[in-house]
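Have a look at target02.cif below; it lists mmCIF, C-alpha atoms.
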data_work
#
loop_
_atom_site.label_atom_id
_atom_site.label_comp_id
_atom_site.auth_asym_id
_atom_site.auth_seq_id
_atom_site.Cartn_x
_atom_site.Cartn_y
_atom_site.Cartn_z
CA MET W 1 84.57 46.12 -40.18
CA SER W 2 82.68 42.91 -39.61
CA LYS W 3 79.11 42.61 -40.83
CA TYR W 4 78.22 41.09 -37.51
CA ARG W 5 79.61 43.64 -35.09
CA GLN W 6 76.61 43.46 -32.77
CA ASP W 7 76.75 39.67 -32.75
CA GLU W 8 80.46 39.80 -31.93
CA GLU W 9 79.74 42.08 -29.01
CA ARG W 10 77.08 39.64 -27.90
CA LEU W 11 79.54 36.76 -28.33
CA ASN W 12 82.07 38.47 -26.06
CA GLU W 13 79.35 38.79 -23.46
CA LEU W 14 78.31 35.13 -23.81
CA LYS W 15 81.93 33.91 -23.64
CA THR W 16 82.13 34.98 -20.03
CA GLY W 17 79.27 32.60 -19.22
CA ASN W 18 77.21 35.52 -17.95
CA HIS W 19 73.93 34.05 -16.77
CA ARG W 20 71.80 37.06 -17.71
CA ALA W 21 73.38 37.30 -21.15
CA TRP W 22 72.53 33.66 -21.86
CA LYS W 23 69.01 34.03 -20.51
CA ARG W 24 68.46 37.02 -22.79
CA PHE W 25 69.85 35.05 -25.72
CA PHE W 26 67.53 32.17 -24.83
CA ASP W 27 64.49 34.44 -24.68
CA GLU W 28 65.31 36.22 -27.93
CA ASN W 29 65.87 33.06 -29.94
CA SER W 30 63.67 30.36 -28.45
CA GLU W 31 60.49 30.92 -30.43
CA ALA W 32 62.28 31.39 -33.76
CA PHE W 33 64.35 28.26 -33.15
CA LEU W 34 61.32 26.18 -32.19
CA LEU W 35 59.45 27.24 -35.33
CA PHE W 36 62.56 26.60 -37.44
CA THR W 37 62.99 23.11 -36.01
CA MET W 38 59.32 22.22 -36.30
CA LYS W 39 59.21 23.41 -39.90
CA TYR W 40 62.47 22.08 -41.31
CA GLY W 41 63.22 19.32 -38.82
CA GLN W 42 59.65 18.03 -38.92
CA THR W 43 59.44 17.81 -35.16
CA ASP W 44 56.71 18.59 -32.71
CA ARG W 45 57.11 21.40 -30.19
CA GLU W 46 58.24 19.07 -27.40
CA GLN W 47 61.02 17.59 -29.55
CA ALA W 48 61.96 21.08 -30.73
CA TYR W 49 62.51 22.14 -27.12
CA GLY W 50 64.88 19.20 -26.64
CA ILE W 51 66.87 20.12 -29.74
CA PHE W 52 66.95 23.76 -28.64
CA GLN W 53 68.45 22.72 -25.32
CA GLU W 54 71.14 20.65 -27.02
CA ALA W 55 71.90 23.40 -29.53
CA LEU W 56 72.33 25.98 -26.77
CA VAL W 57 74.70 23.69 -24.88
CA ILE W 58 76.82 23.23 -28.00
CA LEU W 59 76.79 26.97 -28.65
CA HIS W 60 77.79 27.55 -25.02
CA ARG W 61 80.64 25.05 -25.40
CA ASN W 62 81.87 26.69 -28.59
CA CYS W 63 81.62 30.19 -27.10
CA THR W 64 83.27 29.49 -23.76
CA GLY W 65 85.75 27.00 -25.21
CA GLY W 66 87.13 29.48 -27.72
CA LYS W 67 85.94 27.57 -30.78
CA LEU W 68 83.68 30.39 -31.90
CA VAL W 69 85.63 33.64 -32.12
CA PRO W 70 85.36 36.91 -34.03
CA PRO W 71 85.29 37.76 -36.87
CA LEU W 72 81.98 35.96 -37.32
CA ARG W 73 80.86 34.79 -40.74
CA SER W 74 77.20 34.64 -39.79
CA SER W 75 74.93 35.96 -37.09
CA LEU W 76 74.80 34.05 -33.83
CA GLN W 77 71.22 33.06 -34.59
CA THR W 78 72.22 31.62 -37.96
CA TYR W 79 75.06 29.76 -36.25
CA LEU W 80 72.60 28.40 -33.70
CA PHE W 81 70.24 27.31 -36.49
CA ALA W 82 73.15 25.59 -38.24
CA ILE W 83 73.79 23.62 -35.03
CA GLY W 84 70.07 22.81 -34.98
CA LYS W 85 70.28 21.57 -38.56
CA ASN W 86 73.01 19.09 -37.60
CA LEU W 87 71.00 17.92 -34.60
CA CYS W 88 67.85 17.43 -36.69
CA ARG W 89 69.75 15.39 -39.26
CA ARG W 90 71.08 12.93 -36.70
CA GLY W 91 69.94 9.34 -36.86
CA GLY W 92 69.78 9.00 -40.64
CA LYS W 93 67.58 12.03 -41.27
CA ASN W 94 69.87 13.46 -43.91
CA HIS W 95 66.92 13.83 -46.26
CA LEU W 96 65.63 16.80 -44.28
CA GLN W 97 65.84 19.97 -46.35
CA PHE W 98 67.02 23.21 -44.76
CA PRO W 99 67.50 26.74 -46.11
CA GLU W 100 70.57 26.91 -48.32
CA ASN W 101 72.00 29.96 -46.60
CA LEU W 102 72.65 28.03 -43.39
CA PRO W 103 76.36 27.32 -42.93
CA ASP W 104 77.51 23.72 -42.70
CA LEU W 105 79.15 23.09 -39.36
CA PRO W 106 81.21 20.01 -38.57
CA GLU W 107 79.22 17.53 -36.56
CA ASN W 108 80.36 16.65 -33.06
CA PRO W 109 81.62 13.09 -32.98
CA PHE W 110 79.75 10.95 -30.47
CA GLU W 111 83.09 9.80 -28.96
CA LEU W 112 83.68 13.33 -27.75
CA ASP W 113 80.38 13.27 -25.90
CA ASP W 114 81.38 9.99 -24.26
CA GLU W 115 84.79 11.41 -23.34
CA ARG W 116 83.15 14.52 -21.89
CA ARG W 117 80.80 12.41 -19.80
CA HIS W 118 83.69 10.26 -18.60
CA ASN W 119 85.85 13.25 -17.65
CA ALA W 120 82.93 14.94 -15.89
CA ALA W 121 82.39 11.87 -13.76
CA LEU W 122 86.12 11.65 -13.08
CA VAL W 123 86.44 15.26 -11.93
CA LYS W 124 83.30 14.97 -9.85
CA SER W 125 84.86 11.99 -8.13
CA LEU W 126 88.22 13.71 -7.63
CA LEU W 127 86.58 16.81 -6.17
CA GLY W 128 85.18 14.61 -3.45
CA ARG W 129 88.67 13.44 -2.51
CA ILE W 130 90.76 16.62 -2.31
CA GLY W 131 89.35 18.12 0.88
CA ASP W 132 86.68 20.71 1.49
CA LYS W 133 88.87 23.77 1.01
CA CYS W 134 90.23 22.68 -2.35
CA ARG W 135 86.81 21.45 -3.48
CA GLU W 136 85.18 24.76 -2.59
CA PHE W 137 88.01 26.73 -4.16
CA LEU W 138 88.07 24.84 -7.47
CA THR W 139 84.28 24.83 -7.65
CA LEU W 140 84.25 28.62 -7.40
CA VAL W 141 87.06 28.96 -9.94
CA PHE W 142 86.01 26.46 -12.60
CA LEU W 143 82.32 25.78 -12.19
CA GLU W 144 80.85 28.96 -10.84
CA GLU W 145 83.43 31.10 -12.60
CA MET W 146 83.40 33.62 -9.81
CA PRO W 147 85.76 36.57 -10.37
CA GLN W 148 89.14 36.13 -8.68
CA VAL W 149 88.70 39.16 -6.41
CA ASP W 150 85.43 37.79 -5.07
CA ILE W 151 86.98 34.38 -4.40
CA MET W 152 89.91 35.97 -2.65
CA GLN W 153 87.55 37.94 -0.46
CA GLN W 154 85.28 34.99 0.25
CA MET W 155 88.12 32.58 1.05
CA GLU W 156 90.37 35.16 2.68
CA ILE W 157 93.22 34.67 0.21
CA PRO W 158 95.65 37.53 0.78
CA SER W 159 97.29 37.97 -2.65
CA ASP W 160 97.29 37.11 -6.33
CA GLU W 161 100.31 34.91 -5.78
CA ALA W 162 98.55 33.06 -2.95
CA PHE W 163 95.54 32.61 -5.20
CA ARG W 164 97.68 31.23 -7.99
CA LYS W 165 99.47 28.89 -5.60
CA ARG W 166 96.17 27.67 -4.10
CA LYS W 167 94.82 26.96 -7.54
CA PHE W 168 97.77 24.93 -8.76
CA ASP W 169 98.19 23.10 -5.46
CA CYS W 170 94.59 21.94 -5.59
CA LEU W 171 94.87 20.95 -9.23
CA LYS W 172 98.02 19.02 -8.41
CA LYS W 173 96.11 17.15 -5.71
CA MET W 174 93.64 16.05 -8.31
CA ARG W 175 96.41 15.12 -10.70
CA THR W 176 98.08 13.01 -8.05
CA LEU W 177 94.86 11.10 -7.47
CA LEU W 178 94.49 10.21 -11.14
CA MET D 1 113.16 19.64 -15.25
CA SER D 2 111.58 21.67 -17.99
CA GLN D 3 110.06 25.07 -17.21
CA TYR D 4 106.94 23.80 -18.93
CA ASN D 5 106.20 21.45 -16.04
CA ASP D 6 104.74 24.49 -14.31
CA ILE D 7 100.97 24.03 -14.38
CA SER D 8 100.46 27.59 -15.57
CA TYR D 9 102.01 26.66 -18.92
CA ILE D 10 99.92 23.53 -19.22
CA GLU D 11 96.78 25.47 -18.36
CA ALA D 12 97.58 28.21 -20.88
CA TYR D 13 98.13 25.54 -23.54
CA LEU D 14 94.96 23.61 -22.73
CA GLN D 15 92.86 26.76 -22.57
CA ASP D 16 94.31 28.03 -25.85
CA ARG D 17 95.72 31.15 -24.23
CA MET D 18 99.26 30.87 -25.67
CA GLY D 19 100.59 33.07 -28.41
CA GLU D 20 101.48 31.43 -31.69
CA ALA D 21 105.24 31.30 -31.06
CA GLU D 22 104.84 30.13 -27.46
CA ARG D 23 102.42 27.41 -28.56
CA ARG D 24 104.82 26.13 -31.24
CA ALA D 25 107.68 26.04 -28.71
CA PHE D 26 105.51 24.19 -26.20
CA GLU D 27 104.42 21.63 -28.78
CA ALA D 28 108.03 21.11 -29.82
CA GLU D 29 108.89 20.36 -26.19
CA LEU D 30 105.86 18.06 -25.93
CA SER D 31 106.98 15.95 -28.86
CA GLY D 32 110.23 15.03 -27.13
CA ASN D 33 109.21 15.10 -23.47
CA GLU D 34 107.11 12.09 -22.53
CA PRO D 35 106.66 13.04 -18.84
CA LEU D 36 105.36 16.46 -19.96
CA ARG D 37 103.07 14.73 -22.46
CA GLN D 38 101.65 12.61 -19.65
CA GLU D 39 101.12 15.68 -17.48
CA VAL D 40 99.34 17.48 -20.28
CA ASP D 41 97.11 14.45 -20.93
CA ALA D 42 96.26 14.17 -17.25
CA TYR D 43 95.44 17.85 -16.86
CA GLN D 44 93.54 17.77 -20.13
CA LYS D 45 91.19 15.25 -18.51
CA ILE D 46 90.78 17.48 -15.47
CA TYR D 47 90.14 20.66 -17.45
CA SER D 48 87.88 18.81 -19.85
CA GLY D 49 86.01 17.36 -16.85
CA PHE D 50 85.52 20.81 -15.36
CA ASN D 51 84.24 22.09 -18.71
CA ALA D 52 81.87 19.13 -18.98
CA LEU D 53 80.56 19.74 -15.46
CA LYS D 54 80.13 23.42 -16.29
CA GLU D 55 78.29 22.37 -19.42
CA ASN D 56 76.06 20.05 -17.39
CA ALA D 57 75.25 22.91 -15.08
CA PHE D 58 74.43 25.13 -18.06
CA SER D 59 72.31 22.37 -19.57
CA GLY D 60 70.40 22.12 -16.30
CA GLN D 61 69.89 25.87 -16.34
CA VAL D 62 68.57 25.73 -19.90
CA ALA D 63 66.27 22.88 -18.90
CA GLN D 64 64.92 25.12 -16.14
CA TRP D 65 64.33 27.96 -18.62
CA ILE D 66 62.59 25.53 -20.96
CA THR D 67 60.34 24.34 -18.16
CA GLU D 68 59.43 27.97 -17.49
CA ALA D 69 58.88 28.58 -21.20
CA LYS D 70 56.58 25.56 -21.44
CA ALA D 71 54.64 26.81 -18.44
CA GLN D 72 54.37 30.15 -20.23
CA ASP D 73 53.15 28.31 -23.34
CA GLN D 74 50.42 26.74 -21.24
CA SER D 75 49.44 30.01 -19.62
CA ASN D 76 49.17 31.57 -23.08
CA ILE D 77 46.44 29.06 -23.88
CA VAL D 78 43.26 30.54 -22.47
CA PRO D 79 41.44 27.76 -20.65
CA ILE D 80 37.83 27.49 -21.60
CA LYS D 81 35.48 26.06 -19.03
CA LYS D 82 32.99 23.53 -20.24
CA GLY D 83 30.11 25.80 -19.27
CA ALA D 84 31.75 28.64 -21.17
CA ILE D 85 31.84 26.52 -24.30
CA VAL D 86 28.15 25.85 -23.99
CA ARG D 87 27.37 29.50 -23.41
CA THR D 88 29.57 30.51 -26.30
CA MET D 89 28.04 27.87 -28.51
CA TRP D 90 24.52 28.93 -27.57
CA ARG D 91 25.43 32.55 -28.09
CA ARG D 92 26.84 31.76 -31.52
CA LEU D 93 23.83 29.68 -32.39
CA ALA D 94 21.55 32.47 -31.22
CA VAL D 95 23.40 35.02 -33.34
CA ALA D 96 23.38 32.69 -36.34
CA ALA D 97 19.69 32.00 -35.86
CA SER D 98 18.99 35.71 -35.60
CA VAL D 99 20.86 36.36 -38.82
CA VAL D 100 19.03 33.53 -40.56
CA LEU D 101 15.73 34.79 -39.18
CA LEU D 102 16.40 38.33 -40.35
CA LEU D 103 17.46 37.09 -43.76
CA GLY D 104 14.38 34.91 -43.88
CA ILE D 105 12.12 37.79 -42.94
CA ALA D 106 13.77 40.02 -45.51
CA ALA D 107 13.49 37.32 -48.17
CA ALA D 108 9.88 36.61 -47.27
CA TRP D 109 9.11 40.32 -47.36
CA TRP D 110 10.82 40.67 -50.75
CA VAL D 111 9.00 37.61 -52.11
CA SER D 112 5.70 38.78 -50.68
CA GLN D 113 6.24 42.09 -52.41
CA GLN D 114 7.15 40.47 -55.72
CA TYR D 115 4.34 37.91 -55.64
CA SER D 116 1.59 39.78 -53.82
CA ASP D 117 -1.88 39.88 -55.37
CA GLU D 118 -1.45 43.59 -56.05
CA LYS D 119 1.94 43.10 -57.70
CA LEU D 120 0.68 40.26 -59.87
CA VAL D 121 -2.37 42.13 -61.13
CA ALA D 122 -0.33 45.28 -61.67
CA GLU D 123 1.99 43.26 -63.91
CA ALA D 124 -0.98 41.80 -65.78
CA TYR D 125 -2.89 45.05 -66.11
CA ILE D 126 -3.17 46.63 -69.56
CA SER D 127 -4.21 50.23 -69.58
CA PRO D 128 -6.66 51.06 -72.37
CA LYS D 129 -5.75 53.61 -75.00
CA ALA D 130 -7.24 57.08 -74.77
CA SER D 131 -10.99 57.17 -75.06
CA GLY D 132 -12.96 58.94 -77.80
CA THR D 133 -12.91 56.05 -80.17
CA MET D 134 -16.39 55.05 -79.30
CA GLY D 135 -19.16 55.68 -81.79
CA GLY D 136 -22.74 54.57 -82.38
CA GLN D 137 -25.51 55.76 -80.12
CA GLU D 138 -23.87 58.85 -78.68
CA THR D 139 -25.43 59.14 -75.26
CA GLN D 140 -25.48 55.51 -74.17
CA ALA D 141 -22.06 54.88 -75.66
CA SER D 142 -20.66 57.97 -73.91
CA LEU D 143 -22.09 56.81 -70.61
CA LEU D 144 -20.62 53.38 -71.10
CA GLU D 145 -17.30 54.91 -72.11
CA LYS D 146 -17.30 57.01 -68.95
CA GLN D 147 -18.20 53.98 -66.86
CA PHE D 148 -15.32 52.06 -68.48
CA GLU D 149 -12.93 54.93 -67.71
CA THR D 150 -14.22 55.19 -64.15
CA ALA D 151 -13.69 51.45 -63.66
CA HIS D 152 -10.11 51.79 -64.79
CA GLN D 153 -9.63 54.76 -62.53
CA PHE D 154 -10.84 52.69 -59.59
CA PHE D 155 -8.40 49.98 -60.58
CA LYS D 156 -5.50 52.39 -60.84
CA ASN D 157 -6.38 53.77 -57.43
CA ALA D 158 -6.36 50.23 -56.02
CA ALA D 159 -10.09 50.49 -55.26
CA TYR D 160 -10.46 46.96 -56.50
CA ALA D 161 -13.90 46.21 -55.13
CA ASP D 162 -15.28 49.34 -56.80
CA ALA D 163 -13.41 48.49 -59.97
CA THR D 164 -14.88 44.97 -59.89
CA ARG D 165 -18.39 46.33 -59.60
CA GLU D 166 -17.91 48.91 -62.39
CA PHE D 167 -16.27 46.42 -64.79
CA GLY D 168 -19.16 44.01 -64.08
CA LEU D 169 -21.65 46.69 -65.05
CA VAL D 170 -19.70 47.52 -68.21
CA VAL D 171 -19.60 43.85 -69.21
CA ASN D 172 -23.35 43.48 -68.58
CA GLN D 173 -24.17 46.53 -70.66
CA LEU D 174 -21.86 45.53 -73.48
CA GLU D 175 -23.35 42.03 -73.60
CA ALA D 176 -26.87 43.46 -73.42
CA ASN D 177 -26.17 46.00 -76.18
CA PRO D 178 -23.91 44.36 -78.72
CA ALA D 179 -24.77 46.99 -81.32
CA LEU D 180 -23.58 49.98 -79.32
CA PHE D 181 -20.17 49.81 -81.02
CA ASP D 182 -18.73 48.27 -84.11
CA GLN D 183 -17.74 44.66 -83.65
CA LEU D 184 -14.02 45.19 -83.12
CA THR D 185 -14.55 48.04 -80.66
CA HIS D 186 -17.22 46.05 -78.87
CA GLN D 187 -14.94 43.05 -78.61
CA PHE D 188 -12.07 45.20 -77.36
CA TYR D 189 -14.11 46.80 -74.58
CA LEU D 190 -15.72 43.54 -73.63
CA ASP D 191 -12.44 41.62 -73.44
CA ASN D 192 -10.68 44.39 -71.58
CA ALA D 193 -13.54 44.80 -69.11
CA LYS D 194 -13.67 41.04 -68.48
CA TRP D 195 -9.85 40.82 -68.07
CA THR D 196 -9.42 43.88 -65.90
CA GLY D 197 -12.58 43.01 -63.93
CA LEU D 198 -11.13 39.57 -63.20
CA LEU D 199 -7.86 41.14 -62.02
CA ALA D 200 -9.78 43.56 -59.81
CA GLN D 201 -11.85 40.73 -58.37
CA PHE D 202 -8.69 38.82 -57.52
CA ALA D 203 -6.97 41.86 -56.04
CA ALA D 204 -10.06 42.57 -53.95
CA GLY D 205 -9.87 39.07 -52.54
CA GLN D 206 -13.24 38.14 -53.94
CA ILE D 207 -12.05 35.01 -55.69
CA SER D 208 -9.90 32.08 -54.57
CA ASP D 209 -6.54 31.28 -56.20
CA GLU D 210 -8.02 28.10 -57.65
CA ALA D 211 -11.03 29.82 -59.21
CA PHE D 212 -8.86 32.63 -60.45
CA SER D 213 -6.47 30.12 -61.96
CA GLU D 214 -9.32 28.41 -63.83
CA LYS D 215 -10.51 31.71 -65.28
CA LEU D 216 -6.93 32.57 -66.29
CA ALA D 217 -6.72 29.22 -68.07
CA ALA D 218 -9.71 30.24 -70.18
CA PHE D 219 -7.86 33.36 -71.31
CA ALA D 220 -4.59 31.53 -71.77
CA ASN D 221 -6.16 28.82 -73.89
CA ASP D 222 -7.86 31.27 -76.24
CA PRO D 223 -5.38 32.00 -79.00
CA ALA D 224 -7.53 34.88 -80.23
CA SER D 225 -7.42 36.64 -76.88
CA ASP D 226 -5.19 39.68 -76.50
CA TYR D 227 -4.68 38.60 -72.89
CA ALA D 228 -3.54 35.03 -73.52
CA GLU D 229 0.15 35.73 -72.86
CA LYS D 230 -0.58 37.85 -69.82
CA ALA D 231 -2.83 35.08 -68.52
CA LYS D 232 -0.12 32.44 -68.97
CA ASP D 233 2.44 34.59 -67.13
CA LEU D 234 0.04 35.31 -64.33
CA LYS D 235 -0.97 31.67 -64.01
CA ARG D 236 2.69 30.69 -63.78
CA ASP D 237 3.42 33.32 -61.13
CA LEU D 238 0.34 32.27 -59.23
CA GLY D 239 1.71 28.73 -58.93
CA SER D 240 5.26 29.85 -58.17
CA VAL D 241 6.96 28.44 -55.10
CA TRP D 242 8.07 31.96 -54.21
CA ARG D 243 4.43 33.08 -54.02
CA LYS D 244 3.76 30.14 -51.72
CA ILE D 245 6.75 31.13 -49.53
CA GLY D 246 5.84 34.80 -49.60
CA GLY D 247 2.20 34.09 -48.95
#
Mind turning the file's structure into structure tokens?
Amino acid sequence: MSKYRQDEERLNELKTGNHRAWKRFFDENSEAFLLFTMKYGQTDREQAYGIFQEALVILHRNCTGGKLVPPLRSSLQTYLFAIGKNLCRRGGKNHLQFPENLPDLPENPFELDDERRHNAALVKSLLGRIGDKCREFLTLVFLEEMPQVDIMQQMEIPSDEAFRKRKFDCLKKMRTLL
Amino acid sequence: MSQYNDISYIEAYLQDRMGEAERRAFEAELSGNEPLRQEVDAYQKIYSGFNALKENAFSGQVAQWITEAKAQDQSNIVPIKKGAIVRTMWRRLAVAASVVLLLGIAAAWWVSQQYSDEKLVAEAYISPKASGTMGGQETQASLLEKQFETAHQFFKNAAYADATREFGLVVNQLEANPALFDQLTHQFYLDNAKWTGLLAQFAAGQISDEAFSEKLAAFANDPASDYAEKAKDLKRDLGSVWRKIGG
């Protein structure tokens, strides 16, 4: 049995993008993370808040993107602190000393951030060109992550097959516009 | 056309929802199917774009939480009005002053007790040995002996004015009748009466510090006097800064 069973349960909750689960995680870890960053990253509280925001976004990406999966080798808080360590050491601050028990995570290449920004802008643009129905539908599916049954009810989609067809037709519209 | 051109396969691949065997088969097809490769690349941009937009939305949400947290930070800092600072400062100063005043009063009281006239003379007082050593003319000597004892009793009872008067009478009689006792006894009673009479006079407030100090100097400077050391100590205490504070 994993040492981090509770954290794995929490991870499964966070993977769904559940707003309340993330807010609870934010509340439970914010103060500890700020103190950690101020102490080891030699930042002030304002800077620590900025790093906390970035660290949470990366954790969110890794959780929802399937990069972070059970069995965990550390608690989620330790994992978050390890992300914070990488963020603090950016910009030639490799001299900063952190607790030895923090895992070393691979740093996110800057190119990936650029690519993400580019693709976000692209999709935003495409959404504006595929018609209201498809835009609303794909927004509910991919951005708001509304459960399928709720979308079907809201958009009066009669069946799973119709839902599936609507989804791929709209995606194909976007693809065609690329 | 390959079955993999169905978007559901591409989506499953891009979202890492394929089983191991299915993924290997799909990648094998990808390596030899350029149109499929192009489709996957195109949809990868779309899915990646959706994820990035989702991430932006999450980042905005976190920013909102942080704004709320910062507001909470501010509300946790209890604002202090300028007037309140002054009141608090005055209150603190008043308390500190009270403590200092109380300590000062206590110290002054303690010093006044340690360096009071009564305390100083009590320290300098030497009680005579038991009487009955007197000799010579029985009646007059006995009377003088009783007067000497009475004077000491007054002194011990803090009746300093009475003690001063009695010691003065003893001194006068001793000086007027130097043959009443043998020389050593005479000298002992005379010195003791003069010394104790001086202490009583001081304790009764009948002599100034300066005059008292001069008389003490006479004792202190007489190496033959039994009271020289006591006189030096008393003179020193009389000039002590603590006596000045306590006084």
Given a cut-off of 10 Å, which residues of chain W touch chain D, counting only C-alpha atoms, written out as a PDB file with C-alpha atoms, keeping the file's coordinate frame?
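Saved to result_9.pdb:
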ATOM      1  CA  GLY W  17      79.270  32.600 -19.220  1.00  0.00           C
ATOM      2  CA  HIS W  19      73.930  34.050 -16.770  1.00  0.00           C
ATOM      3  CA  TRP W  22      72.530  33.660 -21.860  1.00  0.00           C
ATOM      4  CA  LYS W  23      69.010  34.030 -20.510  1.00  0.00           C
ATOM      5  CA  PHE W  26      67.530  32.170 -24.830  1.00  0.00           C
ATOM      6  CA  ASP W  27      64.490  34.440 -24.680  1.00  0.00           C
ATOM      7  CA  SER W  30      63.670  30.360 -28.450  1.00  0.00           C
ATOM      8  CA  GLU W  31      60.490  30.920 -30.430  1.00  0.00           C
ATOM      9  CA  ARG W  45      57.110  21.400 -30.190  1.00  0.00           C
ATOM     10  CA  GLU W  46      58.240  19.070 -27.400  1.00  0.00           C
ATOM     11  CA  TYR W  49      62.510  22.140 -27.120  1.00  0.00           C
ATOM     12  CA  GLY W  50      64.880  19.200 -26.640  1.00  0.00           C
ATOM     13  CA  PHE W  52      66.950  23.760 -28.640  1.00  0.00           C
ATOM     14  CA  GLN W  53      68.450  22.720 -25.320  1.00  0.00           C
ATOM     15  CA  GLU W  54      71.140  20.650 -27.020  1.00  0.00           C
ATOM     16  CA  LEU W  56      72.330  25.980 -26.770  1.00  0.00           C
ATOM     17  CA  VAL W  57      74.700  23.690 -24.880  1.00  0.00           C
ATOM     18  CA  ILE W  58      76.820  23.230 -28.000  1.00  0.00           C
ATOM     19  CA  HIS W  60      77.790  27.550 -25.020  1.00  0.00           C
ATOM     20  CA  ARG W  61      80.640  25.050 -25.400  1.00  0.00           C
ATOM     21  CA  THR W  64      83.270  29.490 -23.760  1.00  0.00           C
ATOM     22  CA  GLY W  65      85.750  27.000 -25.210  1.00  0.00           C
ATOM     23  CA  GLY W  66      87.130  29.480 -27.720  1.00  0.00           C
ATOM     24  CA  LYS W  67      85.940  27.570 -30.780  1.00  0.00           C
ATOM     25  CA  ASP W 113      80.380  13.270 -25.900  1.00  0.00           C
ATOM     26  CA  GLU W 115      84.790  11.410 -23.340  1.00  0.00           C
ATOM     27  CA  ARG W 116      83.150  14.520 -21.890  1.00  0.00           C
ATOM     28  CA  ARG W 117      80.800  12.410 -19.800  1.00  0.00           C
ATOM     29  CA  HIS W 118      83.690  10.260 -18.600  1.00  0.00           C
ATOM     30  CA  ASN W 119      85.850  13.250 -17.650  1.00  0.00           C
ATOM     31  CA  ALA W 120      82.930  14.940 -15.890  1.00  0.00           C
ATOM     32  CA  ALA W 121      82.390  11.870 -13.760  1.00  0.00           C
ATOM     33  CA  LEU W 122      86.120  11.650 -13.080  1.00  0.00           C
ATOM     34  CA  VAL W 123      86.440  15.260 -11.930  1.00  0.00           C
ATOM     35  CA  LYS W 124      83.300  14.970  -9.850  1.00  0.00           C
ATOM     36  CA  LEU W 126      88.220  13.710  -7.630  1.00  0.00           C
ATOM     37  CA  LEU W 138      88.070  24.840  -7.470  1.00  0.00           C
ATOM     38  CA  THR W 139      84.280  24.830  -7.650  1.00  0.00           C
ATOM     39  CA  VAL W 141      87.060  28.960  -9.940  1.00  0.00           C
ATOM     40  CA  PHE W 142      86.010  26.460 -12.600  1.00  0.00           C
ATOM     41  CA  LEU W 143      82.320  25.780 -12.190  1.00  0.00           C
ATOM     42  CA  GLU W 144      80.850  28.960 -10.840  1.00  0.00           C
ATOM     43  CA  GLU W 145      83.430  31.100 -12.600  1.00  0.00           C
ATOM     44  CA  ARG W 164      97.680  31.230  -7.990  1.00  0.00           C
ATOM     45  CA  LYS W 167      94.820  26.960  -7.540  1.00  0.00           C
ATOM     46  CA  PHE W 168      97.770  24.930  -8.760  1.00  0.00           C
ATOM     47  CA  ASP W 169      98.190  23.100  -5.460  1.00  0.00           C
ATOM     48  CA  LEU W 171      94.870  20.950  -9.230  1.00  0.00           C
ATOM     49  CA  LYS W 172      98.020  19.020  -8.410  1.00  0.00           C
ATOM     50  CA  MET W 174      93.640  16.050  -8.310  1.00  0.00           C
ATOM     51  CA  ARG W 175      96.410  15.120 -10.700  1.00  0.00           C
ATOM     52  CA  THR W 176      98.080  13.010  -8.050  1.00  0.00           C
ATOM     53  CA  LEU W 178      94.490  10.210 -11.140  1.00  0.00           C
TER      54      LEU W 178
END
*Skip W:Gln148 itself and residues of its chain fewer than 5 positions away, then list as a list in words all residues within 9 Å of it, counting only C-alpha atoms.*
Val141, Gln153, Asp160 and Phe163 of chain W
*Cut-off 12 Å around (-1.6, 43.7, -64.1) with all atoms listed in the file: residues as a PyMOL selection string*: chain D and resi 115-127+152+155-156+158+192+195-200+202-203+227+229-231+233-234+237
*Counting all atoms listed in the file, which of W:Arg24, W:Cys88, W:Val149, W:Glu107 gets nearest to W:Asp44?*
W:Cys88
*Could you state the separation of atom CA of D:Leu190 and atom CA of D:Leu174 in Å, given to one decimal place?*
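Interatomic distance, atom CA of D:Leu190 to atom CA of D:Leu174: 6.5 Å.
Distance check against D:Leu36 using only C-alpha atoms: of D:Tyr9, D:Glu68, D:Glu22, D:Asp222, the minimum falls on D:Tyr9.
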*To one decimal in Å, tell me the separation between atom CA of D:Ala217 and atom CA of D:Gln201.*
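Taking atom CA of D:Ala217 as the start and atom CA of D:Gln201 as the end point, the length is 15.9 Å.
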Would you place a box with edges along x, y and z of the file around all atoms of stretch 85-88 of chain W listed there, add 6 Å to each of its six sides, and report the centre and edge lengths in Å to one decimal, as lines of an AutoDock Vina configuration file?
center_x = 70.4
center_y = 19.5
center_z = -36.6
size_x = 17.2
size_y = 16.1
size_z = 16.0
_From W:Arg10, W:Arg129, W:His95, W:Arg135, residue lying nearest W:Leu177 [all atoms listed in the file]_ =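 Using all atoms listed in the file, the shortest distance to W:Leu177 belongs to W:Arg129.
Evaluated on this file, the PyMOL selection byres ((chain W and resi 70) around 10) matches W:Ser2, W:Tyr4, W:Arg5, W:Asp7, W:Glu8, W:Glu9, W:Leu11, W:Asn12, W:Gly66, W:Lys67, W:Leu68, W:Val69, W:Pro71, W:Leu72, W:Arg73.
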*Residues near D:Asp191, cut-off 9 Å, only C-alpha atoms, skip fewer than 6 positions along chain, as a ChimeraX atom specification*: /D:171,225-227
*Residue members of the PyMOL selection byres ((chain D and resi 212) around 10) in the file shown, as a list in words*: Leu198, Leu199, Gln201, Phe202, Gln206, Ile207, Ser208, Asp209, Glu210, Ala211, Ser213, Glu214, Lys215, Leu216, Ala217, Lys235 and Leu238 of chain D
*atom CA of W:Ala32 and atom CA of D:Gln72, how far apart in Å?*
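We find that atom CA of D:Gln72 and atom CA of W:Ala32 lie 15.7 Å from each other.
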